[in-house]
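Trainee: Below you'll find upload20.cif; it's mmCIF, C-alpha atoms.
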```cif
data_query
loop_
_atom_site.group_PDB
_atom_site.id
_atom_site.type_symbol
_atom_site.label_atom_id
_atom_site.label_comp_id
_atom_site.auth_asym_id
_atom_site.auth_seq_id
_atom_site.Cartn_x
_atom_site.Cartn_y
_atom_site.Cartn_z
ATOM 1 C CA MET I 9 47.840 93.148 90.136
ATOM 2 C CA PHE I 10 48.894 89.526 90.702
ATOM 3 C CA SER I 11 49.186 89.126 94.439
ATOM 4 C CA MET I 12 48.847 85.311 94.424
ATOM 5 C CA GLY I 13 47.846 85.445 98.074
ATOM 6 C CA LEU I 14 51.157 86.888 99.250
ATOM 7 C CA THR I 15 51.311 89.131 102.277
ATOM 8 C CA ASP I 16 53.074 92.472 102.101
ATOM 9 C CA MET I 17 56.015 91.027 104.065
ATOM 10 C CA GLN I 18 56.381 88.187 101.566
ATOM 11 C CA LYS I 19 56.292 90.652 98.672
ATOM 12 C CA ILE I 20 59.085 92.633 100.346
ATOM 13 C CA GLY I 21 60.971 89.365 100.827
ATOM 14 C CA LEU I 22 60.672 88.505 97.138
ATOM 15 C CA GLY I 23 62.053 91.927 96.286
ATOM 16 C CA LEU I 24 64.960 91.467 98.685
ATOM 17 C CA VAL I 25 65.750 88.017 97.274
ATOM 18 C CA GLY I 26 65.629 89.450 93.758
ATOM 19 C CA PHE I 27 67.948 92.315 94.644
ATOM 20 C CA GLY I 28 70.226 89.887 96.497
ATOM 21 C CA LEU I 29 70.522 87.636 93.461
ATOM 22 C CA GLY I 30 71.089 90.711 91.311
ATOM 23 C CA PHE I 31 73.903 91.960 93.545
ATOM 24 C CA LEU I 32 75.434 88.471 93.617
ATOM 25 C CA SER I 33 75.305 88.294 89.826
ATOM 26 C CA LEU I 34 76.855 91.738 89.455
ATOM 27 C CA GLY I 35 79.530 90.823 91.985
ATOM 28 C CA VAL I 36 80.502 87.768 89.949
ATOM 29 C CA VAL I 37 80.394 89.622 86.615
ATOM 30 C CA LEU I 38 82.508 92.467 87.997
ATOM 31 C CA PHE I 39 85.373 90.118 88.848
ATOM 32 C CA PHE I 40 84.150 88.968 92.268
ATOM 33 C CA ASP I 41 83.664 92.392 93.819
ATOM 34 C CA LYS I 42 83.701 91.826 97.581
ATOM 35 C CA GLY I 43 81.211 94.584 98.407
ATOM 36 C CA LEU I 44 78.579 93.490 95.902
ATOM 37 C CA LEU I 45 78.875 89.852 96.944
ATOM 38 C CA ALA I 46 78.516 90.719 100.627
ATOM 39 C CA MET I 47 75.495 92.939 99.943
ATOM 40 C CA GLY I 48 73.939 90.210 97.808
ATOM 41 C CA ASN I 49 74.366 87.649 100.576
ATOM 42 C CA ILE I 50 72.802 89.926 103.177
ATOM 43 C CA LEU I 51 69.849 90.847 100.969
ATOM 44 C CA PHE I 52 69.258 87.213 99.976
ATOM 45 C CA LEU I 53 69.160 86.016 103.585
ATOM 46 C CA ALA I 54 66.973 88.944 104.656
ATOM 47 C CA GLY I 55 64.576 88.113 101.829
ATOM 48 C CA ILE I 56 64.346 84.469 102.899
ATOM 49 C CA ILE I 57 63.539 85.612 106.442
ATOM 50 C CA PHE I 58 60.820 87.957 105.163
ATOM 51 C CA ILE I 59 59.298 85.244 102.943
ATOM 52 C CA ILE I 60 59.095 82.305 105.349
ATOM 53 C CA GLY I 61 59.591 83.966 108.731
ATOM 54 C CA MET I 62 62.340 83.941 111.317
ATOM 55 C CA GLU I 63 61.374 80.706 113.075
ATOM 56 C CA ARG I 64 60.956 78.656 109.888
ATOM 57 C CA THR I 65 64.233 80.043 108.523
ATOM 58 C CA TYR I 66 65.993 79.019 111.730
ATOM 59 C CA ARG I 67 64.420 75.556 111.603
ATOM 60 C CA PHE I 68 65.414 75.155 107.936
ATOM 61 C CA PHE I 69 69.065 76.069 108.378
ATOM 62 C CA PHE I 70 69.591 74.206 111.654
ATOM 63 C CA GLN I 71 68.062 70.809 110.886
ATOM 64 C CA SER I 72 70.490 68.093 111.910
ATOM 65 C CA HIS I 73 70.944 66.794 108.350
ATOM 66 C CA LYS I 74 71.519 70.320 106.972
ATOM 67 C CA LEU I 75 74.112 71.551 109.470
ATOM 68 C CA LYS I 76 77.018 70.754 107.147
ATOM 69 C CA GLY I 77 75.431 72.807 104.350
ATOM 70 C CA THR I 78 74.669 75.656 106.754
ATOM 71 C CA ALA I 79 78.269 75.660 107.984
ATOM 72 C CA PHE I 80 79.669 75.798 104.451
ATOM 73 C CA PHE I 81 77.178 78.480 103.380
ATOM 74 C CA ALA I 82 77.898 80.681 106.413
ATOM 75 C CA GLY I 83 81.621 79.986 106.161
ATOM 76 C CA GLY I 84 81.612 81.039 102.524
ATOM 77 C CA MET I 85 79.879 84.284 103.448
ATOM 78 C CA LEU I 86 82.497 84.909 106.124
ATOM 79 C CA ILE I 87 85.344 84.163 103.701
ATOM 80 C CA VAL I 88 83.868 86.688 101.225
ATOM 81 C CA LEU I 89 83.663 89.309 103.971
ATOM 82 C CA VAL I 90 87.263 88.649 105.028
ATOM 83 C CA GLY I 91 88.485 89.387 101.513
ATOM 84 C CA TYR I 92 88.767 86.170 99.526
ATOM 85 C CA PRO I 93 85.706 86.404 97.267
ATOM 86 C CA ILE I 94 86.492 83.615 94.780
ATOM 87 C CA ILE I 95 87.222 81.018 97.462
ATOM 88 C CA GLY I 96 84.267 82.258 99.516
ATOM 89 C CA MET I 97 81.851 81.962 96.613
ATOM 90 C CA LEU I 98 83.038 78.434 95.854
ATOM 91 C CA VAL I 99 82.532 77.405 99.481
ATOM 92 C CA GLU I 100 79.168 79.171 99.549
ATOM 93 C CA ILE I 101 77.992 77.471 96.337
ATOM 94 C CA TYR I 102 78.943 74.087 97.785
ATOM 95 C CA GLY I 103 76.985 74.936 100.949
ATOM 96 C CA ALA I 104 73.967 76.081 98.929
ATOM 97 C CA PHE I 105 74.118 72.824 96.953
ATOM 98 C CA LEU I 106 74.071 70.849 100.205
ATOM 99 C CA LEU I 107 71.225 72.969 101.607
ATOM 100 C CA PHE I 108 68.944 73.251 98.607
ATOM 101 C CA GLY I 109 70.043 70.333 96.429
#
```
What does this structure look like when you write it as structure tokens?

Mentor:
Amino acid sequence: MFSMGLTDMQKIGLGLVGFGLGFLSLGVVLFFDKGLLAMGNILFLAGIIFIIGMERTYRFFFQSHKLKGTAFFAGGMLIVLVGYPIIGMLVEIYGAFLLFG
């Protein structure tokens, strides 16, 4: 239908990002369910890698002026996995704001 010049890998990446955002949304709605939030984070990052590639993803997250945002984003993911989903999501949102804002 509407391919918009996307490769098959990029289409898969868009699907993964969509599912990741869906799982994150469900995790928040269902009172910060740790499993859904963790799955959403993994799918979102995998989708980004599929869309722009491994090297460009690495270069994006590890630019010198974005290291603070990367640390907060990754730290928030780790805090969610450890078992403190509300605190982890707050830290992760702050990191995402620094990265993408």

Trainee: Could you spell out the hits of the PyMOL selection byres ((chain I and resi 17-29) around 6) on the shown file, as an NGL selection string?

Mentor: :I and (14-16 or 30-32 or 48 or 51-52 or 55 or 58-59)

Trainee: Is there a way to get, as a ChimeraX atom specification, all residues within 8 Å of the point (83.0, 87.2, 102.4) in file coordinates, counting only C-alpha atoms?

Mentor: /I:42,45-46,84-93,96-97

Trainee: Find the smallest box with edges along x, y and z containing every listed atom of stretch 68-78 of chain I, then add 8 Å on each side and report centre and edge lengths in Å to one decimal, as AutoDock Vina command-line options.

Mentor:
```
--center_x 71.2 --center_y 71.4 --center_z 108.1 --size_x 27.6 --size_y 25.3 --size_z 23.6
```

Trainee: To one decimal place in Å, what is the distance between atom CA of I:Lys74 and atom CA of I:Ala54?

Mentor: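 Computed distance, atom CA of I:Lys74 to atom CA of I:Ala54, equals 19.3 Å.
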
Trainee: Counting all atoms listed in the file, which of I:Ala82, I:Ile56, I:Ile94, I:Met62 gets nearest to I:Phe39?

Mentor: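 Closest to I:Phe39, using all atoms listed in the file: I:Ile94.
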
Trainee: Residue by residue, what does the PyMOL selection byres ((chain I and resi 104) around 12) grab here? Present the result as a PDB file with C-alpha atoms, in the frame of the given file.

Mentor:
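Heads up, here's the output in selection_15.pdb:
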```
ATOM      1  CA  ASN I  49      74.366  87.649 100.576  1.00  0.00           C
ATOM      2  CA  LEU I  53      69.160  86.016 103.585  1.00  0.00           C
ATOM      3  CA  PHE I  69      69.065  76.069 108.378  1.00  0.00           C
ATOM      4  CA  LYS I  74      71.519  70.320 106.972  1.00  0.00           C
ATOM      5  CA  LEU I  75      74.112  71.551 109.470  1.00  0.00           C
ATOM      6  CA  LYS I  76      77.018  70.754 107.147  1.00  0.00           C
ATOM      7  CA  GLY I  77      75.431  72.807 104.350  1.00  0.00           C
ATOM      8  CA  THR I  78      74.669  75.656 106.754  1.00  0.00           C
ATOM      9  CA  ALA I  79      78.269  75.660 107.984  1.00  0.00           C
ATOM     10  CA  PHE I  80      79.669  75.798 104.451  1.00  0.00           C
ATOM     11  CA  PHE I  81      77.178  78.480 103.380  1.00  0.00           C
ATOM     12  CA  ALA I  82      77.898  80.681 106.413  1.00  0.00           C
ATOM     13  CA  GLY I  83      81.621  79.986 106.161  1.00  0.00           C
ATOM     14  CA  GLY I  84      81.612  81.039 102.524  1.00  0.00           C
ATOM     15  CA  MET I  85      79.879  84.284 103.448  1.00  0.00           C
ATOM     16  CA  MET I  97      81.851  81.962  96.613  1.00  0.00           C
ATOM     17  CA  LEU I  98      83.038  78.434  95.854  1.00  0.00           C
ATOM     18  CA  VAL I  99      82.532  77.405  99.481  1.00  0.00           C
ATOM     19  CA  GLU I 100      79.168  79.171  99.549  1.00  0.00           C
ATOM     20  CA  ILE I 101      77.992  77.471  96.337  1.00  0.00           C
ATOM     21  CA  TYR I 102      78.943  74.087  97.785  1.00  0.00           C
ATOM     22  CA  GLY I 103      76.985  74.936 100.949  1.00  0.00           C
ATOM     23  CA  PHE I 105      74.118  72.824  96.953  1.00  0.00           C
ATOM     24  CA  LEU I 106      74.071  70.849 100.205  1.00  0.00           C
ATOM     25  CA  LEU I 107      71.225  72.969 101.607  1.00  0.00           C
ATOM     26  CA  PHE I 108      68.944  73.251  98.607  1.00  0.00           C
ATOM     27  CA  GLY I 109      70.043  70.333  96.429  1.00  0.00           C
TER      28      GLY I 109
END
```

Trainee: Quote the spacing between atom CA of I:Val36 and atom CA of I:Gly61 in Å to one decimal place.

Mentor: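 Atom-to-atom, atom CA of I:Val36 to atom CA of I:Gly61, that is 28.4 Å.
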
Trainee: Would you work out the distance separating atom CA of I:Ile95 from atom CA of I:Asp41, expressed in Å to one decimal?

Mentor: 12.5 Å

Trainee: Any chance you could model N, CA and C atoms for stretch 35-67 of chain I and send them as a PDB file, in the frame of the given file?

Mentor:
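After the write, result32.pdb holds the following:
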```
ATOM      1  N   GLY I  35      78.258  91.055  91.315  1.00  0.00           N
ATOM      2  CA  GLY I  35      79.530  90.823  91.985  1.00  0.00           C
ATOM      3  C   GLY I  35      80.387  89.809  91.259  1.00  0.00           C
ATOM      4  N   VAL I  36      79.757  88.777  90.704  1.00  0.00           N
ATOM      5  CA  VAL I  36      80.502  87.768  89.949  1.00  0.00           C
ATOM      6  C   VAL I  36      80.959  88.345  88.612  1.00  0.00           C
ATOM      7  N   VAL I  37      80.059  89.059  87.926  1.00  0.00           N
ATOM      8  CA  VAL I  37      80.394  89.622  86.615  1.00  0.00           C
ATOM      9  C   VAL I  37      81.512  90.658  86.734  1.00  0.00           C
ATOM     10  N   LEU I  38      81.493  91.425  87.803  1.00  0.00           N
ATOM     11  CA  LEU I  38      82.508  92.467  87.997  1.00  0.00           C
ATOM     12  C   LEU I  38      83.715  91.917  88.758  1.00  0.00           C
ATOM     13  N   PHE I  39      84.150  90.738  88.337  1.00  0.00           N
ATOM     14  CA  PHE I  39      85.373  90.118  88.848  1.00  0.00           C
ATOM     15  C   PHE I  39      85.365  89.920  90.356  1.00  0.00           C
ATOM     16  N   PHE I  40      84.287  89.343  90.860  1.00  0.00           N
ATOM     17  CA  PHE I  40      84.150  88.968  92.268  1.00  0.00           C
ATOM     18  C   PHE I  40      84.379  90.158  93.193  1.00  0.00           C
ATOM     19  N   ASP I  41      83.600  91.204  92.972  1.00  0.00           N
ATOM     20  CA  ASP I  41      83.664  92.392  93.819  1.00  0.00           C
ATOM     21  C   ASP I  41      83.153  92.043  95.215  1.00  0.00           C
ATOM     22  N   LYS I  42      84.006  92.233  96.203  1.00  0.00           N
ATOM     23  CA  LYS I  42      83.701  91.826  97.581  1.00  0.00           C
ATOM     24  C   LYS I  42      82.468  92.533  98.135  1.00  0.00           C
ATOM     25  N   GLY I  43      82.334  93.815  97.879  1.00  0.00           N
ATOM     26  CA  GLY I  43      81.211  94.584  98.407  1.00  0.00           C
ATOM     27  C   GLY I  43      79.878  94.143  97.842  1.00  0.00           C
ATOM     28  N   LEU I  44      79.829  93.932  96.531  1.00  0.00           N
ATOM     29  CA  LEU I  44      78.579  93.490  95.902  1.00  0.00           C
ATOM     30  C   LEU I  44      78.193  92.089  96.353  1.00  0.00           C
ATOM     31  N   LEU I  45      79.171  91.212  96.485  1.00  0.00           N
ATOM     32  CA  LEU I  45      78.875  89.852  96.944  1.00  0.00           C
ATOM     33  C   LEU I  45      78.355  89.850  98.376  1.00  0.00           C
ATOM     34  N   ALA I  46      78.965  90.647  99.237  1.00  0.00           N
ATOM     35  CA  ALA I  46      78.516  90.719 100.627  1.00  0.00           C
ATOM     36  C   ALA I  46      77.101  91.284 100.709  1.00  0.00           C
ATOM     37  N   MET I  47      76.827  92.349  99.939  1.00  0.00           N
ATOM     38  CA  MET I  47      75.495  92.939  99.943  1.00  0.00           C
ATOM     39  C   MET I  47      74.466  91.950  99.400  1.00  0.00           C
ATOM     40  N   GLY I  48      74.836  91.218  98.365  1.00  0.00           N
ATOM     41  CA  GLY I  48      73.939  90.210  97.808  1.00  0.00           C
ATOM     42  C   GLY I  48      73.601  89.121  98.805  1.00  0.00           C
ATOM     43  N   ASN I  49      74.605  88.670  99.554  1.00  0.00           N
ATOM     44  CA  ASN I  49      74.366  87.649 100.576  1.00  0.00           C
ATOM     45  C   ASN I  49      73.416  88.150 101.653  1.00  0.00           C
ATOM     46  N   ILE I  50      73.636  89.362 102.113  1.00  0.00           N
ATOM     47  CA  ILE I  50      72.802  89.926 103.177  1.00  0.00           C
ATOM     48  C   ILE I  50      71.368  90.101 102.692  1.00  0.00           C
ATOM     49  N   LEU I  51      71.198  90.646 101.495  1.00  0.00           N
ATOM     50  CA  LEU I  51      69.849  90.847 100.969  1.00  0.00           C
ATOM     51  C   LEU I  51      69.141  89.519 100.725  1.00  0.00           C
ATOM     52  N   PHE I  52      69.863  88.522 100.224  1.00  0.00           N
ATOM     53  CA  PHE I  52      69.258  87.213  99.976  1.00  0.00           C
ATOM     54  C   PHE I  52      68.748  86.591 101.275  1.00  0.00           C
ATOM     55  N   LEU I  53      69.582  86.599 102.311  1.00  0.00           N
ATOM     56  CA  LEU I  53      69.160  86.016 103.585  1.00  0.00           C
ATOM     57  C   LEU I  53      68.017  86.805 104.221  1.00  0.00           C
ATOM     58  N   ALA I  54      68.068  88.130 104.121  1.00  0.00           N
ATOM     59  CA  ALA I  54      66.973  88.944 104.656  1.00  0.00           C
ATOM     60  C   ALA I  54      65.677  88.637 103.914  1.00  0.00           C
ATOM     61  N   GLY I  55      65.759  88.445 102.607  1.00  0.00           N
ATOM     62  CA  GLY I  55      64.576  88.113 101.829  1.00  0.00           C
ATOM     63  C   GLY I  55      63.985  86.779 102.228  1.00  0.00           C
ATOM     64  N   ILE I  56      64.828  85.785 102.454  1.00  0.00           N
ATOM     65  CA  ILE I  56      64.346  84.469 102.899  1.00  0.00           C
ATOM     66  C   ILE I  56      63.618  84.610 104.232  1.00  0.00           C
ATOM     67  N   ILE I  57      64.169  85.406 105.135  1.00  0.00           N
ATOM     68  CA  ILE I  57      63.539  85.612 106.442  1.00  0.00           C
ATOM     69  C   ILE I  57      62.180  86.287 106.272  1.00  0.00           C
ATOM     70  N   PHE I  58      62.093  87.277 105.394  1.00  0.00           N
ATOM     71  CA  PHE I  58      60.820  87.957 105.163  1.00  0.00           C
ATOM     72  C   PHE I  58      59.793  87.032 104.517  1.00  0.00           C
ATOM     73  N   ILE I  59      60.232  86.118 103.659  1.00  0.00           N
ATOM     74  CA  ILE I  59      59.298  85.244 102.943  1.00  0.00           C
ATOM     75  C   ILE I  59      58.734  84.166 103.863  1.00  0.00           C
ATOM     76  N   ILE I  60      59.589  83.444 104.561  1.00  0.00           N
ATOM     77  CA  ILE I  60      59.095  82.305 105.349  1.00  0.00           C
ATOM     78  C   ILE I  60      59.078  82.549 106.847  1.00  0.00           C
ATOM     79  N   GLY I  61      59.620  83.658 107.306  1.00  0.00           N
ATOM     80  CA  GLY I  61      59.591  83.966 108.731  1.00  0.00           C
ATOM     81  C   GLY I  61      60.871  83.543 109.434  1.00  0.00           C
ATOM     82  N   MET I  62      61.098  84.172 110.577  1.00  0.00           N
ATOM     83  CA  MET I  62      62.340  83.941 111.317  1.00  0.00           C
ATOM     84  C   MET I  62      62.422  82.520 111.861  1.00  0.00           C
ATOM     85  N   GLU I  63      61.342  82.034 112.456  1.00  0.00           N
ATOM     86  CA  GLU I  63      61.374  80.706 113.075  1.00  0.00           C
ATOM     87  C   GLU I  63      61.554  79.601 112.035  1.00  0.00           C
ATOM     88  N   ARG I  64      60.823  79.677 110.932  1.00  0.00           N
ATOM     89  CA  ARG I  64      60.956  78.656 109.888  1.00  0.00           C
ATOM     90  C   ARG I  64      62.319  78.720 109.217  1.00  0.00           C
ATOM     91  N   THR I  65      62.882  79.918 109.075  1.00  0.00           N
ATOM     92  CA  THR I  65      64.233  80.043 108.523  1.00  0.00           C
ATOM     93  C   THR I  65      65.236  79.368 109.446  1.00  0.00           C
ATOM     94  N   TYR I  66      65.099  79.632 110.750  1.00  0.00           N
ATOM     95  CA  TYR I  66      65.993  79.019 111.730  1.00  0.00           C
ATOM     96  C   TYR I  66      65.868  77.494 111.677  1.00  0.00           C
ATOM     97  N   ARG I  67      64.627  77.004 111.652  1.00  0.00           N
ATOM     98  CA  ARG I  67      64.420  75.556 111.603  1.00  0.00           C
ATOM     99  C   ARG I  67      64.984  74.948 110.320  1.00  0.00           C
TER     100      ARG I  67
END
```
